[in-house]
$ cat query_16.cif   # mmCIF, C-alpha atoms
data_input
#
loop_
_atom_site.label_atom_id
_atom_site.label_comp_id
_atom_site.auth_asym_id
_atom_site.auth_seq_id
_atom_site.Cartn_x
_atom_site.Cartn_y
_atom_site.Cartn_z
CA MET I 1 26.04 3.26 -27.62
CA ILE I 2 23.50 4.40 -25.04
CA THR I 3 20.03 3.39 -26.13
CA ARG I 4 16.99 5.64 -26.12
CA LEU I 5 15.49 3.57 -23.28
CA ARG I 6 18.57 4.13 -21.15
CA ARG I 7 18.44 7.87 -21.88
CA LEU I 8 14.86 8.10 -20.63
CA ALA I 9 14.92 5.73 -17.63
CA VAL I 10 16.60 5.81 -14.27
CA SER I 11 19.95 4.11 -14.44
CA ARG I 12 20.22 0.63 -12.90
CA ASP I 13 23.81 1.37 -11.87
CA PRO I 14 23.85 0.38 -8.16
CA SER I 15 26.28 3.17 -7.20
CA PRO I 16 24.94 6.06 -5.08
CA ARG I 17 23.22 8.89 -6.96
CA ALA I 18 22.84 6.75 -10.09
CA PRO I 19 22.30 9.26 -12.94
CA TRP I 20 19.51 9.86 -15.38
CA PHE I 21 20.64 9.91 -19.01
CA THR I 22 19.13 12.54 -21.33
CA ASN I 23 20.61 13.03 -24.81
CA ASP I 24 23.66 11.06 -23.72
CA VAL I 25 24.35 13.47 -20.83
CA ALA I 26 24.29 12.08 -17.29
CA ILE I 27 22.15 14.14 -14.88
CA ALA I 28 21.89 13.27 -11.19
CA PRO I 29 18.19 12.86 -10.27
CA VAL I 30 16.57 15.29 -7.86
CA ILE I 31 15.76 13.47 -4.63
CA PRO I 32 12.02 14.02 -3.89
CA PHE I 33 12.30 14.54 -0.12
CA ASN I 34 8.99 16.42 0.06
CA ALA I 35 7.15 13.41 -1.41
CA ILE I 36 8.37 11.13 1.39
CA PRO I 37 6.70 11.96 4.74
CA LEU I 38 9.45 10.29 6.77
CA LEU I 39 12.02 12.67 5.21
CA ALA I 40 9.92 15.71 4.26
CA GLY I 41 10.46 17.62 7.50
CA ILE I 42 14.23 17.41 7.75
CA ARG I 43 16.21 20.65 7.40
CA PRO I 44 17.98 21.74 4.18
CA ALA I 45 21.38 21.09 5.74
CA ASP I 46 20.34 17.55 6.67
CA ARG I 47 18.96 16.99 3.18
CA GLY I 48 22.29 18.07 1.73
CA ALA I 49 24.11 15.52 3.88
CA LEU I 50 21.63 12.75 3.07
CA GLU I 51 21.34 13.34 -0.67
CA PRO I 52 24.70 11.80 -1.70
CA LEU I 53 23.66 8.52 -0.02
CA CYS I 54 20.40 8.19 -1.98
CA LEU I 55 19.96 5.80 -4.86
CA MET I 56 17.02 6.08 -7.26
CA ARG I 57 16.23 2.92 -9.21
CA ARG I 58 13.50 1.85 -11.60
CA TYR I 59 11.90 -1.59 -11.09
CA GLU I 60 9.66 -3.34 -13.60
CA LYS I 61 6.39 -5.01 -12.62
CA GLY I 62 7.07 -8.31 -10.82
CA GLU I 63 10.65 -7.50 -9.82
CA THR I 64 11.72 -8.12 -6.22
CA ILE I 65 13.26 -5.35 -4.12
CA PHE I 66 14.34 -7.71 -1.34
CA TYR I 67 13.57 -11.24 -0.18
CA GLU I 68 12.41 -12.56 3.17
CA SER I 69 15.36 -13.37 5.49
CA GLU I 70 17.78 -11.11 3.59
CA PRO I 71 19.85 -8.75 5.78
CA ALA I 72 18.17 -5.33 5.98
CA GLU I 73 21.09 -3.35 4.61
CA ARG I 74 19.11 -0.58 2.89
CA ILE I 75 16.00 1.40 3.77
CA HIS I 76 13.66 1.84 0.80
CA PHE I 77 10.93 4.34 -0.10
CA VAL I 78 8.34 4.20 -2.89
CA VAL I 79 8.69 7.27 -5.12
CA ALA I 80 6.24 6.09 -7.78
CA GLY I 81 4.27 2.88 -8.26
CA ARG I 82 3.05 0.18 -5.85
CA VAL I 83 4.84 -2.48 -3.79
CA LYS I 84 3.36 -5.51 -2.05
CA ILE I 85 4.86 -7.09 1.05
CA VAL I 86 4.48 -10.86 0.82
CA LYS I 87 4.92 -13.46 3.57
CA ALA I 88 5.35 -17.15 2.79
CA THR I 89 3.22 -19.37 5.04
CA GLY I 90 3.62 -23.01 4.08
CA ALA I 91 2.24 -23.69 0.62
CA ARG I 92 0.70 -20.24 0.15
CA GLU I 93 1.56 -16.56 0.44
CA ILE I 94 -0.16 -13.75 2.30
CA ILE I 95 0.06 -10.14 1.21
CA LEU I 96 0.72 -8.24 4.41
CA GLU I 97 0.56 -4.77 2.90
CA ILE I 98 0.36 -2.76 -0.28
CA LEU I 99 2.51 0.36 -0.21
CA GLY I 100 2.29 3.40 -2.45
CA PRO I 101 4.16 6.65 -3.17
CA GLY I 102 5.93 8.17 -0.19
CA GLU I 103 5.75 5.08 2.01
CA PRO I 104 8.79 3.28 3.47
CA VAL I 105 9.50 -0.35 2.58
CA GLY I 106 11.24 -2.51 5.17
CA ALA I 107 11.94 0.44 7.46
CA VAL I 108 11.15 -1.34 10.73
CA ALA I 109 13.56 -4.19 9.97
CA VAL I 110 16.28 -1.66 9.14
CA PHE I 111 15.78 0.27 12.38
CA GLU I 112 15.71 -2.94 14.41
CA ARG I 113 18.78 -4.18 12.52
CA ARG I 114 17.33 -7.57 11.72
CA ALA I 115 16.58 -9.51 8.54
CA PHE I 116 13.60 -8.54 6.39
CA PRO I 117 10.60 -10.53 7.71
CA ALA I 118 8.88 -10.65 4.29
CA THR I 119 9.50 -10.16 0.58
CA ALA I 120 8.88 -6.88 -1.28
CA VAL I 121 7.65 -7.15 -4.89
CA VAL I 122 6.67 -4.28 -7.19
CA MET I 123 3.09 -4.53 -8.50
CA GLU I 124 3.63 -2.12 -11.40
CA ASP I 125 6.57 -0.30 -12.92
CA SER I 126 7.95 1.65 -9.96
CA THR I 127 10.70 4.02 -8.87
CA ILE I 128 12.32 3.23 -5.52
CA LEU I 129 14.62 5.41 -3.44
CA SER I 130 17.02 3.55 -1.15
CA ILE I 131 19.60 4.56 1.44
CA PRO I 132 22.33 2.29 2.91
CA GLU I 133 21.55 1.42 6.52
CA ARG I 134 25.06 1.90 7.96
CA GLU I 135 25.66 5.35 6.49
CA PHE I 136 22.11 6.41 7.32
CA PHE I 137 22.56 5.63 11.02
CA GLN I 138 25.97 7.26 11.10
CA LEU I 139 24.31 10.42 9.80
CA LEU I 140 21.50 10.21 12.35
CA GLU I 141 23.98 9.85 15.24
CA SER I 142 25.48 13.24 14.41
CA ARG I 143 22.16 15.04 13.79
CA PRO I 144 19.78 14.75 16.79
CA GLU I 145 17.01 16.93 15.30
CA MET I 146 16.93 14.75 12.19
CA THR I 147 16.83 11.68 14.43
CA ARG I 148 13.78 12.96 16.32
CA HIS I 149 11.89 13.63 13.11
CA VAL I 150 12.70 10.25 11.56
CA LEU I 151 11.78 8.37 14.75
CA GLY I 152 8.46 10.22 14.87
CA GLY I 153 7.70 9.04 11.35
CA LEU I 154 8.76 5.50 12.23
CA THR I 155 6.35 5.48 15.18
CA MET I 156 3.49 6.28 12.81
CA ARG I 157 4.66 3.44 10.58
CA LEU I 158 4.57 0.99 13.50
CA MET I 159 1.04 2.13 14.34
CA MET I 160 -0.07 1.40 10.77
CA MET I 161 1.49 -2.07 10.92
CA ASN I 162 -0.29 -2.84 14.19
CA LYS I 163 -3.59 -1.71 12.69
CA ARG I 164 -3.06 -3.99 9.70
CA LEU I 165 -2.42 -6.95 12.00
CA ALA I 166 -5.59 -6.14 13.95
CA ASP I 167 -7.53 -5.92 10.68
CA MET I 168 -6.57 -9.53 9.90
CA THR I 169 -8.77 -10.86 12.72
CA GLY I 170 -12.43 -11.83 12.40
CA SER I 171 -14.40 -13.40 9.55
CA VAL I 172 -13.38 -13.03 5.91
CA GLU I 173 -16.21 -10.54 5.32
CA VAL I 174 -15.09 -8.42 8.27
CA ARG I 175 -11.47 -8.53 7.10
CA ALA I 176 -12.54 -7.53 3.59
CA ALA I 177 -14.64 -4.65 4.92
CA ARG I 178 -11.68 -3.36 6.95
CA LEU I 179 -9.38 -3.71 3.94
CA PHE I 180 -11.58 -1.63 1.64
CA ILE I 181 -12.20 0.96 4.37
CA THR I 182 -8.42 1.33 4.78
CA LEU I 183 -7.81 1.51 1.02
CA SER I 184 -10.56 4.11 0.69
CA ASP I 185 -9.06 6.19 3.50
CA ARG I 186 -5.53 5.96 2.11
CA MET I 187 -6.05 6.36 -1.61
CA GLY I 188 -9.75 6.83 -2.30
CA ILE I 189 -10.69 9.47 -4.91
CA PRO I 190 -14.16 11.08 -4.60
CA ARG I 191 -16.21 10.38 -7.71
CA ASP I 192 -19.89 11.32 -8.01
CA GLY I 193 -20.39 10.89 -4.27
CA LEU I 194 -18.60 7.53 -4.28
CA SER I 195 -15.04 6.52 -3.42
CA PHE I 196 -12.88 5.19 -6.27
CA ILE I 197 -9.82 3.14 -5.25
CA PRO I 198 -7.31 3.31 -8.15
CA LEU I 199 -5.71 -0.04 -7.40
CA ALA I 200 -6.31 -2.96 -9.75
CA LEU I 201 -6.07 -6.25 -7.85
CA SER I 202 -6.70 -9.75 -9.13
CA ARG I 203 -8.98 -12.02 -7.13
CA GLN I 204 -5.88 -14.02 -6.14
CA GLU I 205 -4.18 -10.88 -4.82
CA LEU I 206 -7.31 -10.04 -2.85
CA ALA I 207 -7.35 -13.58 -1.44
CA ASP I 208 -3.71 -13.19 -0.41
CA LEU I 209 -4.50 -9.86 1.26
CA LEU I 210 -7.42 -11.38 3.16
CA GLY I 211 -5.61 -14.59 4.07
CA THR I 212 -8.27 -16.80 2.51
CA THR I 213 -8.88 -18.97 -0.53
CA LEU I 214 -9.46 -17.79 -4.09
CA GLU I 215 -12.89 -19.46 -4.17
CA THR I 216 -14.05 -17.66 -1.00
CA THR I 217 -12.85 -14.33 -2.37
CA ILE I 218 -14.66 -14.83 -5.69
CA ARG I 219 -17.93 -15.65 -3.90
CA LEU I 220 -17.61 -12.67 -1.55
CA MET I 221 -16.80 -10.13 -4.27
CA SER I 222 -19.60 -11.45 -6.51
CA ARG I 223 -22.09 -11.04 -3.66
CA TRP I 224 -20.81 -7.57 -2.80
CA GLN I 225 -21.13 -6.57 -6.46
CA LYS I 226 -24.81 -7.58 -6.41
CA GLU I 227 -25.37 -5.87 -3.05
CA ASN I 228 -23.62 -2.68 -4.28
CA LEU I 229 -21.08 -2.76 -1.45
CA VAL I 230 -17.86 -2.89 -3.50
CA LEU I 231 -17.87 -2.71 -7.29
CA THR I 232 -14.97 -4.08 -9.32
CA GLU I 233 -13.73 -2.07 -12.31
CA ARG I 234 -10.84 -2.56 -14.69
CA GLU I 235 -8.73 0.15 -13.02
CA GLY I 236 -9.72 -0.52 -9.41
CA PHE I 237 -12.73 -0.60 -7.12
CA VAL I 238 -15.68 1.64 -6.31
CA VAL I 239 -17.03 1.88 -2.77
CA PRO I 240 -20.53 3.44 -2.94
CA SER I 241 -20.74 3.84 0.85
CA VAL I 242 -17.87 3.47 3.33
CA GLN I 243 -20.46 3.63 6.09
CA ALA I 244 -22.12 0.48 4.73
CA LEU I 245 -18.78 -1.31 5.06
CA ARG I 246 -18.28 0.03 8.58
CA ALA I 247 -21.65 -1.46 9.49
CA LEU I 248 -20.20 -4.93 8.79
CA GLU I 249 -17.57 -4.53 11.52
CA PRO I 250 -18.41 -6.09 14.90
#
$ encode --input "query_16.cif" --output "structure tokens"
Amino acid sequence: MITRLRRLAVSRDPSPRAPWFTNDVAIAPVIPFNAIPLLAGIRPADRGALEPLCLMRRYEKGETIFYESEPAERIHFVVAGRVKIVKATGAREIILEILGPGEPVGAVAVFERRAFPATAVVMEDSTILSIPEREFFQLLESRPEMTRHVLGGLTMRLMMMNKRLADMTGSVEVRAARLFITLSDRMGIPRDGLSFIPLALSRQELADLLGTTLETTIRLMSRWQKENLVLTEREGFVVPSVQALRALEP
């Protein structure tokens, strides 16, 4: 018997176009192309050809989408939720990125046809859209206009990755300032003249993002709280003045 949970959630069936189940009736999910910038601009005919290849899957908090060194056989996109990209470096891990709705996960590795260079882990219950690499490229080879659009989006993705790598240079305080400036730009919500970042991160996750120790992160965030630079709340962070953070950059 199909349970109520299965009726309400995305199926975990790994076959393409895995169905939703509502009142025991299977319904193929609508693929949210418009919510994914890399795919939003492709033509209706191209969407129709791509749609049968798409798989929508629900992941629970803490689940892994793919592991470092695994073959990049599928390109993934975040439909809902958050995903962190984690790199193992000796005895510790560094969070390379945090990705949100609409953003690709592991796209560069797929396009370069190499193994995933890091591990992707969901930070909260999330819905992920994935497309098999081989069929995706076969489709692109026969549709040059679609290829141009996708490659344009991939170029923007590479630029973001290069910026993130550049942001990892300098002192811990400078790296932290750049991180919160980026988070404010990407997901900040104006609130009473301030910028609210709706992303709850533990001090350990912040340390992993900054590439530093937990103790250093705790000291820095405590000082910034007192100096009114970045305020920690249960549901995220408040940045009273992005300009004050920019002033910390060299």
$ atom_distance --input "query_16.cif" --atom1 "atom CA of Ala207 of chain I" --atom2 "atom CA of Arg246 of chain I"
20.1 Å
$ closest_atom_pairs --input "query_16.cif" --of "segment 20-73 of chain I" --to "segment 111-129 of chain I" --cutoff "12 Å" --atoms "only C-alpha atoms" --output "CSV"
residue,atom,partner,partner_atom,distance
I:Pro29,CA,I:Leu129,CA,10.7
I:Val30,CA,I:Leu129,CA,11.0
I:Ile31,CA,I:Leu129,CA,8.2
I:Pro32,CA,I:Leu129,CA,9.0
I:Phe33,CA,I:Leu129,CA,10.0
I:Ala35,CA,I:Leu129,CA,11.1
I:Ile36,CA,I:Leu129,CA,9.8
I:Leu39,CA,I:Leu129,CA,11.6
I:Glu51,CA,I:Leu129,CA,10.8
I:Leu53,CA,I:Leu129,CA,10.2
I:Cys54,CA,I:Leu129,CA,6.6
I:Leu55,CA,I:Leu129,CA,5.5
I:Met56,CA,I:Leu129,CA,4.6
I:Arg57,CA,I:Ile128,CA,5.4
I:Arg58,CA,I:Thr127,CA,4.5
I:Tyr59,CA,I:Ser126,CA,5.2
I:Glu60,CA,I:Asp125,CA,4.4
I:Lys61,CA,I:Glu124,CA,4.2
I:Gly62,CA,I:Val122,CA,5.4
I:Glu63,CA,I:Val122,CA,5.8
I:Thr64,CA,I:Val121,CA,4.4
I:Ile65,CA,I:Ala120,CA,5.4
I:Phe66,CA,I:Ala120,CA,5.5
I:Tyr67,CA,I:Thr119,CA,4.3
I:Glu68,CA,I:Ala118,CA,4.2
I:Ser69,CA,I:Ala115,CA,5.1
I:Glu70,CA,I:Ala115,CA,5.3
I:Pro71,CA,I:Ala115,CA,4.3
I:Ala72,CA,I:Ala115,CA,5.2
I:Glu73,CA,I:Arg113,CA,8.3
$ closest_residue --input "query_16.cif" --among "I:Pro44, I:Ser222, I:Leu214, I:Ser195" --to "Ser241 of chain I" --atoms "only C-alpha atoms"
I:Ser195
$ residues_around --input "query_16.cif" --residues "Arg43 of chain I" --least-positions-apart "2" --cutoff "12 Å" --atoms "only C-alpha atoms" --output "MDAnalysis selection string"
chainID I and resid 33:34 39:41 45:50 143:147 149:150
$ atom_distance --input "query_16.cif" --atom1 "atom CA of Ala244 of chain I" --atom2 "atom CA of Gln225 of chain I"
13.3 Å
$ closest_residue --input "query_16.cif" --among "I:Pro240, I:Glu97, I:Glu215, I:Pro250" --to "Leu179 of chain I" --atoms "all atoms listed in the file"
I:Glu97
$ atom_distance --input "query_16.cif" --atom1 "atom CA of Ile197 of chain I" --atom2 "atom CA of Arg92 of chain I"
26.2 Å
$ closest_residue --input "query_16.cif" --among "I:Val239, I:Leu96, I:Leu229, I:Leu151" --to "Met187 of chain I" --atoms "only C-alpha atoms"
I:Val239
$ resolve_selection --input "query_16.cif" --expression "the PyMOL selection byres ((chain I and resi 217) around 12)" --output "list of chain:residue names"
I:Val172, I:Glu173, I:Arg175, I:Ala176, I:Leu201, I:Ser202, I:Arg203, I:Gln204, I:Glu205, I:Leu206, I:Ala207, I:Asp208, I:Leu209, I:Leu210, I:Gly211, I:Thr212, I:Thr213, I:Leu214, I:Glu215, I:Thr216, I:Ile218, I:Arg219, I:Leu220, I:Met221, I:Ser222, I:Arg223, I:Trp224
$ residues_around --input "query_16.cif" --residues "Val78 of chain I" --least-positions-apart "4" --cutoff "6 Å" --atoms "only C-alpha atoms" --output "ChimeraX atom specification"
/I:101-103,128
$ resolve_selection --input "query_16.cif" --expression "the PyMOL selection byres ((chain I and resi 74) around 8)" --output "ChimeraX atom specification"
/I:72-73,75-76,110,130-133
$ write_last_selection --input "query_16.cif" --atoms "C-alpha atoms" --output "compact mmCIF listing (two decimals), keeping the file's coordinate frame"
# COMPACT_ATOMS: atom_id res chain seq x y z
CA ALA I 72 18.17 -5.33 5.98
CA GLU I 73 21.09 -3.35 4.61
CA ILE I 75 16.00 1.40 3.77
CA HIS I 76 13.66 1.84 0.80
CA VAL I 110 16.28 -1.66 9.14
CA SER I 130 17.02 3.55 -1.15
CA ILE I 131 19.60 4.56 1.44
CA PRO I 132 22.33 2.29 2.91
CA GLU I 133 21.55 1.42 6.52
$ resolve_selection --input "query_16.cif" --expression "the PyMOL selection byres ((chain I and resi 233) around 10)" --output "VMD selection string"
chain I and resid 196 to 201 230 to 232 234 to 238
$ closest_residue --input "query_16.cif" --among "I:Ala107, I:Met168, I:Leu140, I:Leu38" --to "Ile94 of chain I" --atoms "all atoms listed in the file"
I:Met168
$ build_atoms --input "query_16.cif" --residues "segment 135-153 of chain I" --atoms "N, CA and C atoms" --output "PDB file, in the frame of the given file"
ATOM      1  N   GLU I 135      25.395   3.928   6.668  1.00  0.00           N
ATOM      2  CA  GLU I 135      25.660   5.350   6.490  1.00  0.00           C
ATOM      3  C   GLU I 135      24.515   6.204   7.005  1.00  0.00           C
ATOM      4  N   PHE I 136      23.279   5.683   6.860  1.00  0.00           N
ATOM      5  CA  PHE I 136      22.110   6.410   7.320  1.00  0.00           C
ATOM      6  C   PHE I 136      22.157   6.595   8.840  1.00  0.00           C
ATOM      7  N   PHE I 137      22.499   5.535   9.572  1.00  0.00           N
ATOM      8  CA  PHE I 137      22.560   5.630  11.020  1.00  0.00           C
ATOM      9  C   PHE I 137      23.749   6.463  11.488  1.00  0.00           C
ATOM     10  N   GLN I 138      24.839   6.398  10.760  1.00  0.00           N
ATOM     11  CA  GLN I 138      25.970   7.260  11.100  1.00  0.00           C
ATOM     12  C   GLN I 138      25.579   8.726  11.000  1.00  0.00           C
ATOM     13  N   LEU I 139      24.783   9.042   9.987  1.00  0.00           N
ATOM     14  CA  LEU I 139      24.310  10.420   9.800  1.00  0.00           C
ATOM     15  C   LEU I 139      23.360  10.816  10.925  1.00  0.00           C
ATOM     16  N   LEU I 140      22.454   9.913  11.295  1.00  0.00           N
ATOM     17  CA  LEU I 140      21.500  10.210  12.350  1.00  0.00           C
ATOM     18  C   LEU I 140      22.198  10.453  13.694  1.00  0.00           C
ATOM     19  N   GLU I 141      23.273   9.711  13.955  1.00  0.00           N
ATOM     20  CA  GLU I 141      23.980   9.850  15.240  1.00  0.00           C
ATOM     21  C   GLU I 141      24.569  11.237  15.419  1.00  0.00           C
ATOM     22  N   SER I 142      24.869  11.914  14.321  1.00  0.00           N
ATOM     23  CA  SER I 142      25.480  13.240  14.410  1.00  0.00           C
ATOM     24  C   SER I 142      24.464  14.370  14.237  1.00  0.00           C
ATOM     25  N   ARG I 143      23.181  14.012  14.027  1.00  0.00           N
ATOM     26  CA  ARG I 143      22.160  15.040  13.790  1.00  0.00           C
ATOM     27  C   ARG I 143      20.908  14.713  14.613  1.00  0.00           C
ATOM     28  N   PRO I 144      20.887  15.123  15.887  1.00  0.00           N
ATOM     29  CA  PRO I 144      19.780  14.750  16.790  1.00  0.00           C
ATOM     30  C   PRO I 144      18.407  15.242  16.335  1.00  0.00           C
ATOM     31  N   GLU I 145      18.324  16.434  15.742  1.00  0.00           N
ATOM     32  CA  GLU I 145      17.010  16.930  15.300  1.00  0.00           C
ATOM     33  C   GLU I 145      16.463  16.059  14.180  1.00  0.00           C
ATOM     34  N   MET I 146      17.331  15.646  13.268  1.00  0.00           N
ATOM     35  CA  MET I 146      16.930  14.750  12.190  1.00  0.00           C
ATOM     36  C   MET I 146      16.481  13.407  12.767  1.00  0.00           C
ATOM     37  N   THR I 147      17.183  12.945  13.788  1.00  0.00           N
ATOM     38  CA  THR I 147      16.830  11.680  14.430  1.00  0.00           C
ATOM     39  C   THR I 147      15.435  11.735  15.021  1.00  0.00           C
ATOM     40  N   ARG I 148      15.099  12.820  15.709  1.00  0.00           N
ATOM     41  CA  ARG I 148      13.780  12.960  16.320  1.00  0.00           C
ATOM     42  C   ARG I 148      12.679  12.931  15.271  1.00  0.00           C
ATOM     43  N   HIS I 149      12.913  13.599  14.155  1.00  0.00           N
ATOM     44  CA  HIS I 149      11.890  13.630  13.110  1.00  0.00           C
ATOM     45  C   HIS I 149      11.692  12.247  12.488  1.00  0.00           C
ATOM     46  N   VAL I 150      12.789  11.561  12.189  1.00  0.00           N
ATOM     47  CA  VAL I 150      12.700  10.250  11.560  1.00  0.00           C
ATOM     48  C   VAL I 150      12.041   9.245  12.509  1.00  0.00           C
ATOM     49  N   LEU I 151      12.387   9.299  13.790  1.00  0.00           N
ATOM     50  CA  LEU I 151      11.780   8.370  14.750  1.00  0.00           C
ATOM     51  C   LEU I 151      10.292   8.642  14.919  1.00  0.00           C
ATOM     52  N   GLY I 152       9.883   9.904  14.824  1.00  0.00           N
ATOM     53  CA  GLY I 152       8.460  10.220  14.870  1.00  0.00           C
ATOM     54  C   GLY I 152       7.718   9.594  13.710  1.00  0.00           C
ATOM     55  N   GLY I 153       8.310   9.662  12.522  1.00  0.00           N
ATOM     56  CA  GLY I 153       7.700   9.040  11.350  1.00  0.00           C
ATOM     57  C   GLY I 153       7.667   7.525  11.467  1.00  0.00           C
TER      58      GLY I 153
END
